[in-house]
file run-v9.txt (compact mmCIF, N, CA and C atoms)
# COMPACT_ATOMS: atom_id res chain seq x y z
N MET A 1 62.08 173.91 174.88
CA MET A 1 60.88 173.15 174.66
C MET A 1 59.85 173.99 173.92
N PHE A 2 59.51 175.18 174.42
CA PHE A 2 58.52 176.02 173.77
C PHE A 2 59.15 176.74 172.58
N GLY A 3 58.42 176.77 171.49
CA GLY A 3 58.91 177.48 170.31
C GLY A 3 59.81 176.65 169.42
N LYS A 4 60.14 175.43 169.81
CA LYS A 4 61.02 174.60 169.00
C LYS A 4 60.32 173.33 168.53
N LYS A 5 59.03 173.24 168.70
CA LYS A 5 58.27 172.05 168.36
C LYS A 5 58.43 171.65 166.89
N GLU A 6 58.60 172.64 166.00
CA GLU A 6 58.70 172.32 164.58
C GLU A 6 59.93 171.47 164.26
N GLU A 7 60.93 171.46 165.12
CA GLU A 7 62.13 170.68 164.87
C GLU A 7 61.94 169.21 165.24
N VAL A 8 61.01 168.93 166.13
CA VAL A 8 60.81 167.57 166.62
C VAL A 8 60.08 166.74 165.58
N GLY A 9 60.49 165.49 165.44
CA GLY A 9 59.82 164.57 164.53
C GLY A 9 60.28 164.67 163.09
N LYS A 10 61.05 165.67 162.74
CA LYS A 10 61.57 165.79 161.38
C LYS A 10 62.85 164.97 161.29
N VAL A 11 62.74 163.84 160.62
CA VAL A 11 63.88 162.94 160.56
C VAL A 11 64.43 162.77 159.14
N GLY A 12 63.86 163.45 158.19
CA GLY A 12 64.36 163.36 156.82
C GLY A 12 63.88 162.10 156.12
N LYS A 13 64.62 161.71 155.09
CA LYS A 13 64.20 160.55 154.30
C LYS A 13 64.43 159.25 155.06
N VAL A 14 63.60 158.26 154.77
CA VAL A 14 63.72 156.95 155.40
C VAL A 14 64.64 156.09 154.54
N ASP A 15 65.71 155.58 155.15
CA ASP A 15 66.66 154.73 154.43
C ASP A 15 66.26 153.26 154.48
N THR A 16 65.68 152.84 155.62
CA THR A 16 65.30 151.45 155.80
C THR A 16 63.89 151.39 156.37
N LEU A 17 63.04 150.51 155.80
CA LEU A 17 61.66 150.38 156.25
C LEU A 17 61.39 148.93 156.64
N ILE A 18 60.88 148.75 157.85
CA ILE A 18 60.41 147.45 158.30
C ILE A 18 58.89 147.51 158.17
N GLY A 19 58.34 146.80 157.18
CA GLY A 19 56.92 146.88 156.86
C GLY A 19 56.03 146.27 157.92
N PRO A 20 54.71 146.53 157.83
CA PRO A 20 53.76 146.10 158.85
C PRO A 20 53.67 144.58 159.02
N ASP A 21 53.98 143.81 158.01
CA ASP A 21 53.91 142.35 158.12
C ASP A 21 55.25 141.72 158.47
N ALA A 22 56.29 142.53 158.63
CA ALA A 22 57.63 142.00 158.91
C ALA A 22 57.83 141.75 160.40
N GLU A 23 58.47 140.63 160.72
CA GLU A 23 58.86 140.30 162.09
C GLU A 23 60.34 139.95 162.05
N ILE A 24 61.14 140.73 162.77
CA ILE A 24 62.59 140.53 162.76
C ILE A 24 63.06 140.15 164.15
N LYS A 25 63.94 139.15 164.20
CA LYS A 25 64.56 138.76 165.47
C LYS A 25 66.05 139.01 165.34
N GLY A 26 66.57 139.85 166.24
CA GLY A 26 67.98 140.20 166.21
C GLY A 26 68.17 141.70 166.26
N THR A 27 69.42 142.11 166.33
CA THR A 27 69.75 143.53 166.43
C THR A 27 70.02 144.10 165.05
N ILE A 28 69.45 145.28 164.79
CA ILE A 28 69.66 145.97 163.52
C ILE A 28 70.66 147.10 163.74
N SER A 29 71.69 147.16 162.90
CA SER A 29 72.66 148.24 162.94
C SER A 29 72.56 148.98 161.62
N THR A 30 72.27 150.28 161.70
CA THR A 30 72.12 151.07 160.48
C THR A 30 72.65 152.47 160.71
N LYS A 31 73.14 153.11 159.68
CA LYS A 31 73.68 154.46 159.81
C LYS A 31 72.65 155.53 159.47
N GLY A 32 71.59 155.17 158.78
CA GLY A 32 70.61 156.16 158.35
C GLY A 32 69.36 156.17 159.21
N THR A 33 68.24 156.49 158.57
CA THR A 33 66.95 156.55 159.24
C THR A 33 66.21 155.24 159.04
N LEU A 34 65.70 154.70 160.14
CA LEU A 34 64.98 153.43 160.13
C LEU A 34 63.55 153.68 160.58
N ARG A 35 62.58 153.21 159.80
CA ARG A 35 61.17 153.28 160.20
C ARG A 35 60.68 151.85 160.44
N ILE A 36 60.01 151.66 161.58
CA ILE A 36 59.53 150.35 161.98
C ILE A 36 58.01 150.38 162.05
N ASP A 37 57.36 149.67 161.13
CA ASP A 37 55.91 149.52 161.16
C ASP A 37 55.53 148.08 161.52
N GLY A 38 56.51 147.19 161.53
CA GLY A 38 56.31 145.80 161.92
C GLY A 38 56.79 145.60 163.34
N SER A 39 57.44 144.45 163.60
CA SER A 39 57.94 144.19 164.95
C SER A 39 59.39 143.70 164.91
N ILE A 40 60.13 144.12 165.93
CA ILE A 40 61.52 143.71 166.09
C ILE A 40 61.68 143.13 167.49
N ASP A 41 62.19 141.92 167.56
CA ASP A 41 62.54 141.30 168.84
C ASP A 41 64.06 141.31 168.88
N GLY A 42 64.61 142.38 169.35
CA GLY A 42 66.05 142.63 169.35
C GLY A 42 66.24 144.10 169.64
N GLY A 43 67.13 144.74 168.97
CA GLY A 43 67.36 146.16 169.22
C GLY A 43 67.82 146.87 167.97
N VAL A 44 68.11 148.16 168.15
CA VAL A 44 68.60 148.99 167.04
C VAL A 44 69.81 149.77 167.55
N THR A 45 70.91 149.74 166.79
CA THR A 45 72.11 150.48 167.18
C THR A 45 72.60 151.35 166.03
N ASN A 46 73.35 152.38 166.38
CA ASN A 46 74.06 153.25 165.44
C ASN A 46 73.19 154.03 164.47
N ALA A 47 71.90 154.07 164.66
CA ALA A 47 71.02 154.75 163.71
C ALA A 47 71.08 156.26 163.87
N GLU A 48 70.88 156.95 162.76
CA GLU A 48 70.75 158.40 162.82
C GLU A 48 69.39 158.74 163.43
N ALA A 49 68.35 158.08 162.94
CA ALA A 49 67.00 158.28 163.48
C ALA A 49 66.23 156.97 163.42
N VAL A 50 65.39 156.76 164.43
CA VAL A 50 64.50 155.60 164.46
C VAL A 50 63.08 156.12 164.65
N VAL A 51 62.18 155.71 163.76
CA VAL A 51 60.78 156.08 163.85
C VAL A 51 59.99 154.79 164.03
N VAL A 52 59.28 154.67 165.15
CA VAL A 52 58.42 153.51 165.39
C VAL A 52 57.00 153.96 165.07
N GLY A 53 56.43 153.41 164.00
CA GLY A 53 55.09 153.78 163.57
C GLY A 53 54.03 153.37 164.58
N GLU A 54 52.79 153.80 164.38
CA GLU A 54 51.70 153.53 165.31
C GLU A 54 51.51 152.05 165.59
N ASP A 55 51.72 151.20 164.60
CA ASP A 55 51.57 149.75 164.78
C ASP A 55 52.91 149.05 165.00
N GLY A 56 53.98 149.81 165.05
CA GLY A 56 55.31 149.25 165.24
C GLY A 56 55.55 148.81 166.69
N LYS A 57 56.34 147.73 166.84
CA LYS A 57 56.67 147.21 168.17
C LYS A 57 58.15 146.84 168.21
N VAL A 58 58.82 147.26 169.27
CA VAL A 58 60.23 146.92 169.46
C VAL A 58 60.38 146.35 170.86
N LYS A 59 60.97 145.16 170.93
CA LYS A 59 61.30 144.55 172.22
C LYS A 59 62.83 144.47 172.24
N GLY A 60 63.45 145.49 172.82
CA GLY A 60 64.90 145.59 172.84
C GLY A 60 65.32 147.04 172.97
N ASP A 61 66.60 147.26 173.13
CA ASP A 61 67.14 148.61 173.33
C ASP A 61 67.34 149.33 172.00
N ILE A 62 67.18 150.66 172.04
CA ILE A 62 67.40 151.49 170.86
C ILE A 62 68.47 152.52 171.19
N ASN A 63 69.46 152.64 170.31
CA ASN A 63 70.56 153.58 170.47
C ASN A 63 70.66 154.37 169.17
N ALA A 64 70.27 155.66 169.20
CA ALA A 64 70.23 156.48 167.98
C ALA A 64 70.40 157.95 168.34
N GLN A 65 70.48 158.79 167.33
CA GLN A 65 70.53 160.23 167.57
C GLN A 65 69.14 160.74 167.93
N THR A 66 68.14 160.37 167.14
CA THR A 66 66.77 160.80 167.34
C THR A 66 65.84 159.60 167.32
N VAL A 67 64.87 159.57 168.24
CA VAL A 67 63.89 158.49 168.28
C VAL A 67 62.50 159.10 168.37
N VAL A 68 61.62 158.70 167.43
CA VAL A 68 60.23 159.13 167.43
C VAL A 68 59.38 157.88 167.64
N VAL A 69 58.57 157.89 168.71
CA VAL A 69 57.80 156.70 169.07
C VAL A 69 56.31 156.96 168.83
N GLY A 70 55.71 156.15 167.97
CA GLY A 70 54.28 156.20 167.75
C GLY A 70 53.63 154.91 168.21
N GLY A 71 54.43 153.84 168.33
CA GLY A 71 53.93 152.53 168.72
C GLY A 71 54.40 152.14 170.11
N LYS A 72 54.92 150.91 170.24
CA LYS A 72 55.31 150.39 171.55
C LYS A 72 56.78 149.97 171.57
N ILE A 73 57.46 150.33 172.66
CA ILE A 73 58.85 149.91 172.87
C ILE A 73 58.94 149.34 174.27
N ALA A 74 59.48 148.13 174.37
CA ALA A 74 59.79 147.52 175.65
C ALA A 74 61.31 147.37 175.68
N GLY A 75 61.98 148.38 176.17
CA GLY A 75 63.43 148.40 176.18
C GLY A 75 63.92 149.80 176.49
N ASN A 76 65.20 149.92 176.67
CA ASN A 76 65.82 151.21 177.01
C ASN A 76 66.13 151.99 175.73
N ILE A 77 66.04 153.32 175.83
CA ILE A 77 66.33 154.18 174.68
C ILE A 77 67.43 155.16 175.07
N ILE A 78 68.47 155.22 174.25
CA ILE A 78 69.53 156.21 174.41
C ILE A 78 69.56 157.03 173.13
N ALA A 79 69.35 158.34 173.25
CA ALA A 79 69.35 159.23 172.07
C ALA A 79 70.29 160.40 172.33
N SER A 80 71.15 160.70 171.37
CA SER A 80 72.09 161.81 171.55
C SER A 80 71.45 163.15 171.25
N ALA A 81 70.30 163.19 170.55
CA ALA A 81 69.62 164.45 170.21
C ALA A 81 68.30 164.57 170.97
N ASN A 82 67.29 163.76 170.59
CA ASN A 82 66.01 163.86 171.28
C ASN A 82 65.17 162.61 171.12
N ILE A 83 64.15 162.53 171.98
CA ILE A 83 63.15 161.47 171.93
C ILE A 83 61.79 162.16 171.92
N GLU A 84 60.91 161.73 171.02
CA GLU A 84 59.55 162.26 170.97
C GLU A 84 58.58 161.10 171.08
N MET A 85 57.68 161.18 172.06
CA MET A 85 56.63 160.19 172.23
C MET A 85 55.31 160.81 171.76
N LEU A 86 54.75 160.22 170.71
CA LEU A 86 53.50 160.72 170.14
C LEU A 86 52.30 160.21 170.94
N PRO A 87 51.10 160.80 170.74
CA PRO A 87 49.91 160.31 171.45
C PRO A 87 49.71 158.81 171.21
N HIS A 88 49.32 158.09 172.22
CA HIS A 88 49.04 156.65 172.19
C HIS A 88 50.30 155.79 172.12
N SER A 89 51.48 156.38 172.18
CA SER A 89 52.70 155.58 172.19
C SER A 89 52.95 155.04 173.60
N GLN A 90 53.76 153.97 173.68
CA GLN A 90 54.08 153.37 174.97
C GLN A 90 55.56 153.02 175.01
N VAL A 91 56.22 153.42 176.10
CA VAL A 91 57.61 153.04 176.33
C VAL A 91 57.71 152.46 177.73
N LYS A 92 58.18 151.21 177.82
CA LYS A 92 58.46 150.58 179.10
C LYS A 92 59.95 150.33 179.14
N GLY A 93 60.66 151.25 179.76
CA GLY A 93 62.12 151.17 179.82
C GLY A 93 62.68 152.52 180.20
N ASN A 94 63.96 152.55 180.44
CA ASN A 94 64.64 153.78 180.82
C ASN A 94 65.07 154.55 179.58
N ILE A 95 65.14 155.87 179.70
CA ILE A 95 65.57 156.69 178.58
C ILE A 95 66.66 157.66 179.01
N ASN A 96 67.52 157.99 178.05
CA ASN A 96 68.60 158.94 178.27
C ASN A 96 68.68 159.80 177.02
N ALA A 97 68.37 161.10 177.16
CA ALA A 97 68.39 162.02 176.02
C ALA A 97 68.47 163.45 176.53
N PRO A 98 69.05 164.36 175.75
CA PRO A 98 69.09 165.77 176.17
C PRO A 98 67.73 166.45 176.05
N GLN A 99 66.85 165.96 175.16
CA GLN A 99 65.51 166.54 175.00
C GLN A 99 64.49 165.42 174.94
N LEU A 100 63.38 165.61 175.66
CA LEU A 100 62.31 164.62 175.68
C LEU A 100 60.98 165.33 175.51
N TYR A 101 60.18 164.87 174.56
CA TYR A 101 58.85 165.41 174.31
C TYR A 101 57.86 164.27 174.50
N ILE A 102 56.89 164.44 175.41
CA ILE A 102 55.87 163.43 175.65
C ILE A 102 54.51 164.06 175.39
N ALA A 103 53.82 163.56 174.38
CA ALA A 103 52.50 164.09 174.03
C ALA A 103 51.45 163.55 174.99
N GLU A 104 50.37 164.29 175.12
CA GLU A 104 49.25 163.85 175.94
C GLU A 104 48.72 162.53 175.40
N GLY A 105 48.51 161.57 176.29
CA GLY A 105 48.02 160.26 175.90
C GLY A 105 49.12 159.22 175.76
N ALA A 106 50.37 159.64 175.76
CA ALA A 106 51.50 158.70 175.71
C ALA A 106 51.72 158.10 177.09
N ILE A 107 52.27 156.87 177.12
CA ILE A 107 52.54 156.19 178.39
C ILE A 107 54.03 155.91 178.47
N PHE A 108 54.64 156.34 179.58
CA PHE A 108 56.07 156.12 179.82
C PHE A 108 56.24 155.51 181.21
N GLU A 109 56.82 154.30 181.26
CA GLU A 109 57.12 153.64 182.52
C GLU A 109 58.63 153.40 182.56
N GLY A 110 59.32 154.12 183.42
CA GLY A 110 60.75 153.96 183.53
C GLY A 110 61.39 155.18 184.13
N ASN A 111 62.70 155.23 184.06
CA ASN A 111 63.48 156.36 184.57
C ASN A 111 64.03 157.16 183.40
N CYS A 112 64.30 158.44 183.66
CA CYS A 112 64.79 159.31 182.61
C CYS A 112 66.01 160.09 183.09
N ILE A 113 67.04 160.15 182.27
CA ILE A 113 68.18 161.02 182.50
C ILE A 113 68.24 161.97 181.31
N MET A 114 68.25 163.26 181.60
CA MET A 114 68.38 164.25 180.54
C MET A 114 69.79 164.81 180.61
N SER A 115 70.60 164.42 179.64
CA SER A 115 72.00 164.80 179.61
C SER A 115 72.23 165.85 178.53
N LYS A 116 73.44 166.37 178.48
CA LYS A 116 73.79 167.33 177.44
C LYS A 116 73.80 166.65 176.09
N ARG A 117 73.55 167.45 175.03
CA ARG A 117 73.59 166.92 173.68
C ARG A 117 74.99 166.41 173.38
N GLN A 118 75.07 165.23 172.78
CA GLN A 118 76.34 164.61 172.47
C GLN A 118 76.45 164.43 170.97
N GLU A 119 77.67 164.50 170.46
CA GLU A 119 77.88 164.28 169.04
C GLU A 119 77.72 162.80 168.69
N LYS A 120 78.07 161.94 169.61
CA LYS A 120 78.01 160.51 169.38
C LYS A 120 77.24 159.87 170.52
N VAL A 121 76.46 158.86 170.21
CA VAL A 121 75.69 158.16 171.23
C VAL A 121 76.64 157.32 172.07
N THR A 122 76.54 157.49 173.39
CA THR A 122 77.39 156.73 174.29
C THR A 122 76.54 156.08 175.36
N GLU A 123 77.14 155.23 176.14
CA GLU A 123 76.44 154.60 177.25
C GLU A 123 76.14 155.66 178.30
N PRO A 124 75.02 155.55 179.00
CA PRO A 124 74.67 156.52 180.03
C PRO A 124 75.56 156.37 181.25
N GLU A 125 75.46 157.38 182.15
CA GLU A 125 76.29 157.36 183.34
C GLU A 125 75.87 156.26 184.32
N PHE A 126 74.66 155.77 184.19
CA PHE A 126 74.21 154.68 185.04
C PHE A 126 73.83 153.50 184.17
N LYS A 127 73.84 152.34 184.74
CA LYS A 127 73.47 151.14 184.01
C LYS A 127 71.95 151.07 183.94
N LEU A 128 71.39 151.06 182.73
CA LEU A 128 69.96 150.97 182.57
C LEU A 128 69.51 149.57 182.97
N LYS A 129 68.47 149.48 183.80
CA LYS A 129 68.03 148.16 184.25
C LYS A 129 67.32 147.43 183.13
N GLU A 130 67.44 146.13 183.15
CA GLU A 130 66.84 145.30 182.12
C GLU A 130 65.34 145.17 182.34
N MET A 131 64.60 145.06 181.24
CA MET A 131 63.16 144.88 181.31
C MET A 131 62.86 143.40 181.51
N LYS A 132 61.77 143.13 182.21
CA LYS A 132 61.33 141.73 182.40
C LYS A 132 60.40 141.33 181.30

call {"tool": "encode", "arguments": {"input": "run-v9.txt", "output": "structure tokens"}}
result
Amino acid sequence: MFGKKEEVGKVGKVDTLIGPDAEIKGTISTKGTLRIDGSIDGGVTNAEAVVVGEDGKVKGDINAQTVVVGGKIAGNIIASANIEMLPHSQVKGNINAPQLYIAEGAIFEGNCIMSKRQEKVTEPEFKLKEMK
């Protein structure tokens, strides 16, 4: 955790952008980096990295290698590398990741499992409860 902060949040180039006026219903499957500045009512699977911007909203589960949250997520997050919650971000759901960074001012409601780093994202050892 200490001394490795420079690695967190660096996700490389953005392959797919959901703009601030976009509203998507359904699950997005992508192999690259996805940035969400609009809203998704569904989930995200197979992504290398997911970045939820300050005004971004996701209602659904996210399954990726790296997840950076600046906005709001109502759903479970499974990350094979790490999850970073920026100031003013909100997550209501369970998370499973080997590394978790929560900035001051972020809100997290749920359970957390910190597992070993995995090459591929898999289902957690416990069933994540559904959000209401």

call {"tool": "closest_residue", "arguments": {"input": "run-v9.txt", "among": "A:Gly43, A:Lys57, A:Ile24, A:Thr66", "to": "Gly12 in chain A", "atoms": "only C-alpha atoms"}}
result
A:Thr66

call {"tool": "closest_residue", "arguments": {"input": "run-v9.txt", "among": "A:Ile78, A:Leu17, A:Ala106, A:Val58", "to": "Gln90 in chain A", "atoms": "all atoms listed in the file"}}
result
A:Ala106

call {"tool": "residues_near_point", "arguments": {"input": "run-v9.txt", "point": "(66.6, 157.3, 177.6)", "cutoff": "6.5 Å", "atoms": "all atoms listed in the file", "output": "list in words"}}
result
Asn76, Ile77, Ile78, Ala79, Asn94, Ile95, Asn96, Ala97, Asn111, Cys112 and Ile113 of chain A

call {"tool": "closest_residue", "arguments": {"input": "run-v9.txt", "among": "A:Val44, A:Phe108, A:Ala49, A:Val11", "to": "Ser89 in chain A", "atoms": "only C-alpha atoms"}}
result
A:Phe108

call {"tool": "closest_residue", "arguments": {"input": "run-v9.txt", "among": "A:Glu54, A:Gly105, A:Ile83, A:Asp21", "to": "Val67 in chain A", "atoms": "only N, CA and C atoms"}}
result
A:Ile83

call {"tool": "closest_residue", "arguments": {"input": "run-v9.txt", "among": "A:Ile40, A:Val68, A:Ala47, A:Ile107", "to": "Asn82 in chain A", "atoms": "only C-alpha atoms"}}
result
A:Val68

call {"tool": "select_by_dssp", "arguments": {"input": "run-v9.txt", "residues": "range 4-132 of chain A", "states": "strand (DSSP E)", "output": "PyMOL selection string"}}
result
chain A and resi 16-18+23-25+28-29+33-36+39-41+44-52+57-59+62-69+72-74+77-85+90-92+95-96+99-102+107-109+112-113

call {"tool": "closest_residue", "arguments": {"input": "run-v9.txt", "among": "A:Val69, A:Val50, A:Ala22, A:Val14", "to": "Glu84 in chain A", "atoms": "all atoms listed in the file"}}
result
A:Val69

call {"tool": "atom_distance", "arguments": {"input": "run-v9.txt", "atom1": "CA of Gly71 in chain A", "atom2": "CA of Thr16 in chain A"}}
result
17.2 Å

call {"tool": "atom_distance", "arguments": {"input": "run-v9.txt", "atom1": "atom C of Ile73 in chain A", "atom2": "atom C of Pro98 in chain A"}}
result
19.3 Å

call {"tool": "atom_distance", "arguments": {"input": "run-v9.txt", "atom1": "atom C of His88 in chain A", "atom2": "atom C of Gly42 in chain A"}}
result
19.9 Å

call {"tool": "residues_near_point", "arguments": {"input": "run-v9.txt", "point": "(57.1, 149.2, 158.9)", "cutoff": "6.5 Å", "atoms": "all atoms listed in the file", "output": "ChimeraX atom specification"}}
result
/A:17-21,35-38
